[in-house]
$ cat upload.txt   # compact mmCIF, N, CA and C atoms
# COMPACT_ATOMS: atom_id res chain seq x y z
N MET A 283 0.82 -1.20 0.00
CA MET A 283 0.00 0.00 0.00
C MET A 283 0.86 1.26 0.00
N GLN A 284 2.07 1.13 -0.43
CA GLN A 284 2.99 2.25 -0.44
C GLN A 284 2.48 3.39 -1.33
N SER A 285 1.85 3.08 -2.46
CA SER A 285 1.37 4.13 -3.35
C SER A 285 0.25 4.95 -2.70
N ILE A 286 -0.60 4.31 -1.92
CA ILE A 286 -1.67 5.03 -1.25
C ILE A 286 -1.07 5.97 -0.20
N GLU A 287 -0.06 5.51 0.50
CA GLU A 287 0.60 6.37 1.48
C GLU A 287 1.21 7.60 0.79
N LYS A 288 1.76 7.40 -0.39
CA LYS A 288 2.33 8.52 -1.15
C LYS A 288 1.23 9.50 -1.56
N LEU A 289 0.07 8.99 -1.97
CA LEU A 289 -1.05 9.86 -2.31
C LEU A 289 -1.48 10.68 -1.10
N ILE A 290 -1.55 10.03 0.05
CA ILE A 290 -1.91 10.74 1.28
C ILE A 290 -0.90 11.83 1.59
N GLN A 291 0.38 11.50 1.46
CA GLN A 291 1.43 12.50 1.71
C GLN A 291 1.31 13.68 0.75
N ASN A 292 0.97 13.39 -0.51
CA ASN A 292 0.78 14.47 -1.48
C ASN A 292 -0.36 15.39 -1.06
N LEU A 293 -1.46 14.81 -0.63
CA LEU A 293 -2.60 15.63 -0.19
C LEU A 293 -2.27 16.42 1.07
N GLN A 294 -1.47 15.84 1.95
CA GLN A 294 -1.05 16.57 3.15
C GLN A 294 -0.17 17.77 2.78
N GLN A 295 0.63 17.62 1.73
CA GLN A 295 1.43 18.73 1.24
C GLN A 295 0.54 19.82 0.65
N VAL A 296 -0.49 19.41 -0.07
CA VAL A 296 -1.45 20.37 -0.61
C VAL A 296 -2.11 21.14 0.53
N GLN A 297 -2.43 20.45 1.62
CA GLN A 297 -3.03 21.11 2.79
C GLN A 297 -2.15 22.26 3.28
N LYS A 298 -0.87 22.03 3.30
CA LYS A 298 0.07 23.02 3.83
C LYS A 298 0.28 24.19 2.87
N GLN A 299 0.21 23.92 1.57
CA GLN A 299 0.55 24.94 0.57
C GLN A 299 -0.43 24.90 -0.60
N LYS A 300 -1.69 25.14 -0.33
CA LYS A 300 -2.70 25.07 -1.39
C LYS A 300 -2.35 25.93 -2.60
N GLY A 301 -1.85 27.12 -2.34
CA GLY A 301 -1.53 28.05 -3.41
C GLY A 301 -0.40 27.59 -4.33
N MET A 302 0.37 26.62 -3.92
CA MET A 302 1.43 26.06 -4.76
C MET A 302 0.88 25.03 -5.74
N PHE A 303 -0.33 24.57 -5.51
CA PHE A 303 -0.92 23.52 -6.33
C PHE A 303 -2.12 23.98 -7.13
N VAL A 304 -2.79 25.04 -6.67
CA VAL A 304 -4.03 25.48 -7.29
C VAL A 304 -3.96 26.98 -7.56
N PHE A 305 -4.27 27.36 -8.80
CA PHE A 305 -4.36 28.78 -9.15
C PHE A 305 -5.46 28.95 -10.18
N PRO A 306 -6.32 29.90 -9.99
CA PRO A 306 -6.44 30.73 -8.78
C PRO A 306 -6.94 29.89 -7.62
N LEU A 307 -6.57 30.28 -6.43
CA LEU A 307 -6.96 29.52 -5.24
C LEU A 307 -8.37 29.93 -4.83
N ASP A 308 -9.32 29.30 -5.48
CA ASP A 308 -10.73 29.49 -5.13
C ASP A 308 -11.39 28.11 -5.14
N LEU A 309 -12.61 28.06 -4.63
CA LEU A 309 -13.27 26.77 -4.46
C LEU A 309 -13.48 26.02 -5.78
N PRO A 310 -13.97 26.67 -6.86
CA PRO A 310 -14.14 25.92 -8.11
C PRO A 310 -12.82 25.34 -8.64
N SER A 311 -11.76 26.12 -8.58
CA SER A 311 -10.46 25.62 -9.05
C SER A 311 -9.97 24.48 -8.16
N PHE A 312 -10.22 24.59 -6.87
CA PHE A 312 -9.79 23.55 -5.94
C PHE A 312 -10.55 22.25 -6.18
N GLU A 313 -11.85 22.36 -6.44
CA GLU A 313 -12.63 21.15 -6.75
C GLU A 313 -12.14 20.53 -8.05
N ASN A 314 -11.78 21.35 -9.03
CA ASN A 314 -11.22 20.82 -10.28
C ASN A 314 -9.91 20.09 -10.01
N PHE A 315 -9.06 20.66 -9.17
CA PHE A 315 -7.80 20.01 -8.80
C PHE A 315 -8.07 18.64 -8.19
N LEU A 316 -9.01 18.58 -7.23
CA LEU A 316 -9.31 17.30 -6.58
C LEU A 316 -9.89 16.28 -7.56
N ASN A 317 -10.71 16.74 -8.49
CA ASN A 317 -11.24 15.83 -9.50
C ASN A 317 -10.11 15.25 -10.34
N GLY A 318 -9.16 16.07 -10.72
CA GLY A 318 -8.00 15.59 -11.48
C GLY A 318 -7.15 14.64 -10.65
N PHE A 319 -6.97 14.96 -9.39
CA PHE A 319 -6.20 14.10 -8.48
C PHE A 319 -6.86 12.73 -8.38
N ARG A 320 -8.19 12.73 -8.21
CA ARG A 320 -8.92 11.46 -8.13
C ARG A 320 -8.80 10.66 -9.42
N ALA A 321 -8.91 11.34 -10.55
CA ALA A 321 -8.82 10.65 -11.84
C ALA A 321 -7.44 10.04 -12.02
N ALA A 322 -6.40 10.78 -11.66
CA ALA A 322 -5.03 10.26 -11.78
C ALA A 322 -4.82 9.07 -10.84
N ALA A 323 -5.30 9.18 -9.62
CA ALA A 323 -5.16 8.09 -8.66
C ALA A 323 -5.90 6.85 -9.16
N SER A 324 -7.08 7.05 -9.70
CA SER A 324 -7.86 5.94 -10.24
C SER A 324 -7.14 5.28 -11.41
N ALA A 325 -6.56 6.09 -12.29
CA ALA A 325 -5.84 5.55 -13.45
C ALA A 325 -4.62 4.74 -13.01
N CYS A 326 -4.12 5.03 -11.83
CA CYS A 326 -2.96 4.30 -11.30
C CYS A 326 -3.36 3.16 -10.38
N GLY A 327 -4.67 2.85 -10.34
CA GLY A 327 -5.12 1.69 -9.57
C GLY A 327 -5.65 1.99 -8.19
N CYS A 328 -5.76 3.26 -7.82
CA CYS A 328 -6.26 3.62 -6.49
C CYS A 328 -7.64 4.24 -6.61
N GLU A 329 -8.58 3.47 -7.11
CA GLU A 329 -9.94 3.95 -7.28
C GLU A 329 -10.72 3.77 -5.99
N ILE A 330 -11.42 4.81 -5.59
CA ILE A 330 -12.23 4.76 -4.36
C ILE A 330 -13.60 4.16 -4.70
N PRO A 331 -13.96 3.04 -4.08
CA PRO A 331 -15.29 2.47 -4.33
C PRO A 331 -16.39 3.44 -3.90
N ARG A 332 -17.43 3.49 -4.69
CA ARG A 332 -18.56 4.40 -4.42
C ARG A 332 -19.10 4.20 -3.01
N LYS A 333 -19.25 2.96 -2.61
CA LYS A 333 -19.80 2.65 -1.28
C LYS A 333 -18.90 3.23 -0.17
N LEU A 334 -17.60 3.13 -0.34
CA LEU A 334 -16.67 3.67 0.65
C LEU A 334 -16.81 5.19 0.72
N ARG A 335 -16.91 5.85 -0.44
CA ARG A 335 -17.08 7.31 -0.45
C ARG A 335 -18.37 7.69 0.29
N GLN A 336 -19.42 6.94 0.03
CA GLN A 336 -20.69 7.22 0.69
C GLN A 336 -20.57 7.05 2.21
N GLU A 337 -19.90 5.99 2.64
CA GLU A 337 -19.73 5.73 4.08
C GLU A 337 -18.94 6.84 4.75
N VAL A 338 -17.85 7.28 4.12
CA VAL A 338 -17.01 8.32 4.71
C VAL A 338 -17.75 9.65 4.78
N LEU A 339 -18.43 10.01 3.70
CA LEU A 339 -19.19 11.27 3.70
C LEU A 339 -20.25 11.26 4.79
N THR A 340 -20.99 10.16 4.89
CA THR A 340 -22.04 10.06 5.89
C THR A 340 -21.46 10.14 7.29
N ALA A 341 -20.36 9.46 7.53
CA ALA A 341 -19.72 9.48 8.84
C ALA A 341 -19.24 10.88 9.22
N ARG A 342 -18.89 11.69 8.21
CA ARG A 342 -18.41 13.05 8.47
C ARG A 342 -19.56 14.06 8.49
N GLY A 343 -20.80 13.57 8.32
CA GLY A 343 -21.95 14.44 8.43
C GLY A 343 -22.45 15.04 7.12
N TRP A 344 -22.01 14.49 5.98
CA TRP A 344 -22.42 15.01 4.68
C TRP A 344 -23.24 13.96 3.93
N LYS A 345 -24.13 14.44 3.08
CA LYS A 345 -24.92 13.54 2.25
C LYS A 345 -24.13 13.18 1.01
N PHE A 346 -24.32 11.97 0.54
CA PHE A 346 -23.70 11.51 -0.70
C PHE A 346 -24.55 12.05 -1.84
N ALA A 347 -23.99 12.95 -2.65
CA ALA A 347 -24.74 13.60 -3.72
C ALA A 347 -23.86 13.78 -4.94
N ALA A 348 -24.48 13.86 -6.10
CA ALA A 348 -23.73 14.02 -7.36
C ALA A 348 -22.87 15.27 -7.35
N ALA A 349 -23.33 16.34 -6.74
CA ALA A 349 -22.58 17.60 -6.70
C ALA A 349 -21.46 17.57 -5.66
N GLY A 350 -21.39 16.50 -4.90
CA GLY A 350 -20.38 16.42 -3.86
C GLY A 350 -20.82 17.17 -2.61
N PRO A 351 -19.96 17.21 -1.59
CA PRO A 351 -20.35 17.84 -0.33
C PRO A 351 -20.16 19.36 -0.28
N ALA A 352 -19.42 19.93 -1.21
CA ALA A 352 -19.11 21.37 -1.13
C ALA A 352 -20.36 22.25 -1.07
N PRO A 353 -21.40 22.02 -1.90
CA PRO A 353 -22.60 22.85 -1.79
C PRO A 353 -23.26 22.75 -0.41
N GLN A 354 -23.21 21.57 0.20
CA GLN A 354 -23.76 21.39 1.55
C GLN A 354 -22.97 22.21 2.56
N MET A 355 -21.65 22.23 2.37
CA MET A 355 -20.78 22.99 3.27
C MET A 355 -21.06 24.49 3.13
N LYS A 356 -21.22 24.94 1.88
CA LYS A 356 -21.56 26.35 1.62
C LYS A 356 -22.88 26.69 2.31
N ALA A 357 -23.86 25.81 2.17
CA ALA A 357 -25.18 26.05 2.76
C ALA A 357 -25.12 26.15 4.28
N LYS A 358 -24.14 25.48 4.88
CA LYS A 358 -23.96 25.55 6.34
C LYS A 358 -23.19 26.81 6.75
N GLY A 359 -22.74 27.58 5.76
CA GLY A 359 -22.05 28.83 6.06
C GLY A 359 -20.54 28.70 6.23
N MET A 360 -19.97 27.58 5.81
CA MET A 360 -18.52 27.41 5.93
C MET A 360 -17.80 28.32 4.95
N ALA A 361 -16.67 28.86 5.37
CA ALA A 361 -15.82 29.68 4.51
C ALA A 361 -15.13 28.78 3.49
N ASP A 362 -14.75 29.36 2.36
CA ASP A 362 -14.12 28.57 1.29
C ASP A 362 -12.87 27.83 1.77
N ASP A 363 -12.05 28.47 2.58
CA ASP A 363 -10.83 27.81 3.06
C ASP A 363 -11.18 26.60 3.94
N ALA A 364 -12.19 26.75 4.76
CA ALA A 364 -12.64 25.64 5.61
C ALA A 364 -13.20 24.50 4.75
N ILE A 365 -13.89 24.85 3.68
CA ILE A 365 -14.43 23.83 2.77
C ILE A 365 -13.28 23.09 2.09
N MET A 366 -12.29 23.82 1.61
CA MET A 366 -11.14 23.18 0.97
C MET A 366 -10.45 22.23 1.94
N ASN A 367 -10.29 22.65 3.19
CA ASN A 367 -9.66 21.79 4.20
C ASN A 367 -10.49 20.53 4.45
N GLU A 368 -11.80 20.69 4.53
CA GLU A 368 -12.67 19.52 4.76
C GLU A 368 -12.63 18.58 3.56
N LEU A 369 -12.63 19.13 2.35
CA LEU A 369 -12.55 18.28 1.15
C LEU A 369 -11.25 17.48 1.14
N LEU A 370 -10.16 18.11 1.55
CA LEU A 370 -8.89 17.39 1.64
C LEU A 370 -8.94 16.31 2.71
N GLU A 371 -9.52 16.64 3.85
CA GLU A 371 -9.63 15.65 4.93
C GLU A 371 -10.46 14.45 4.49
N ILE A 372 -11.50 14.72 3.73
CA ILE A 372 -12.33 13.62 3.21
C ILE A 372 -11.50 12.71 2.32
N GLU A 373 -10.73 13.30 1.41
CA GLU A 373 -9.90 12.48 0.50
C GLU A 373 -8.84 11.70 1.26
N ILE A 374 -8.23 12.32 2.24
CA ILE A 374 -7.22 11.64 3.05
C ILE A 374 -7.85 10.49 3.82
N ASP A 375 -9.02 10.74 4.39
CA ASP A 375 -9.76 9.70 5.12
C ASP A 375 -10.10 8.54 4.19
N LEU A 376 -10.58 8.85 2.99
CA LEU A 376 -10.92 7.82 2.01
C LEU A 376 -9.70 6.96 1.66
N LEU A 377 -8.60 7.61 1.37
CA LEU A 377 -7.39 6.86 1.00
C LEU A 377 -6.89 6.01 2.16
N GLY A 378 -6.98 6.53 3.37
CA GLY A 378 -6.58 5.75 4.54
C GLY A 378 -7.43 4.49 4.69
N LYS A 379 -8.72 4.63 4.47
CA LYS A 379 -9.62 3.48 4.57
C LYS A 379 -9.40 2.52 3.39
N LEU A 380 -9.11 3.06 2.21
CA LEU A 380 -8.84 2.22 1.05
C LEU A 380 -7.61 1.34 1.30
N ALA A 381 -6.62 1.90 1.95
CA ALA A 381 -5.39 1.16 2.24
C ALA A 381 -5.65 -0.04 3.15
N LYS A 382 -6.72 0.04 3.94
CA LYS A 382 -7.03 -1.03 4.89
C LYS A 382 -7.97 -2.09 4.32
N LEU A 383 -8.51 -1.87 3.11
CA LEU A 383 -9.40 -2.85 2.50
C LEU A 383 -8.61 -4.07 2.02
N PRO A 384 -9.21 -5.25 2.09
CA PRO A 384 -8.53 -6.43 1.54
C PRO A 384 -8.40 -6.28 0.02
N PRO A 385 -7.36 -6.84 -0.57
CA PRO A 385 -7.17 -6.74 -2.01
C PRO A 385 -8.33 -7.36 -2.78
N LYS A 386 -8.63 -6.79 -3.95
CA LYS A 386 -9.69 -7.33 -4.80
C LYS A 386 -9.24 -8.64 -5.42
N LYS A 387 -10.18 -9.57 -5.54
CA LYS A 387 -9.89 -10.82 -6.23
C LYS A 387 -10.17 -10.64 -7.72
N PRO A 388 -9.31 -11.17 -8.58
CA PRO A 388 -9.52 -11.00 -10.03
C PRO A 388 -10.74 -11.70 -10.54
$ encode --input "upload.txt" --output "structure tokens"
Amino acid sequence: MQSIEKLIQNLQQVQKQKGMFVFPLDLPSFENFLNGFRAAASACGCEIPRKLRQEVLTARGWKFAAAGPAPQMKAKGMADDAIMNELLEIEIDLLGKLAKLPPKKP
């Protein structure tokens, strides 16, 4: 699971220096960055199962929706920076749980 740990480390680096990874640093650009990150991770074999995403979102207090949790966060009055941090925490949480899943059988 070394590759998943590397993905987590990359997201932790993004947490520390968002502006080094996303420009302009606003919520739409940040969501685009995360979508690209997810697509790249999936292409490299680290695809998050839909059920796992739903479980993590629900456990963190968000509904599983096509638009993702950001609109729900906005509706609760969260600031954009807080939303970006929560979105990163969700991805880190997902990857951590993915690393603990048993390997898929062919």
$ atom_distance --input "upload.txt" --atom1 "CA of Ala323 in chain A" --atom2 "CA of Ala357 in chain A"
29.2 Å
$ residues_near_point --input "upload.txt" --point "(-1.3, 24.5, -7.4)" --cutoff "12 Å" --atoms "only C-alpha atoms" --output "ChimeraX atom specification"
/A:292-293,295-308,311-316,318-319
$ residues_around --input "upload.txt" --residues "range 333-346 of chain A" --least-positions-apart "3" --cutoff "9 Å" --atoms "only C-alpha atoms" --output "list of chain:residue names"
A:Ile330, A:Ala349, A:Gly350, A:Pro351, A:Gln354, A:Met355, A:Ile372, A:Glu373, A:Asp375, A:Leu376, A:Lys379, A:Leu380
$ atom_distance --input "upload.txt" --atom1 "atom N of Asp362 in chain A" --atom2 "atom C of Pro310 in chain A"
11.9 Å
$ atom_distance --input "upload.txt" --atom1 "CA of Gln291 in chain A" --atom2 "CA of Leu377 in chain A"
10.5 Å
$ axis_aligned_box --input "upload.txt" --around "range 318-323 of chain A" --padding-each-side "4 Å" --output "AutoDock Vina command-line options"
--center_x -7.0 --center_y 11.5 --center_z -10.1 --size_x 12.3 --size_y 17.2 --size_z 11.9
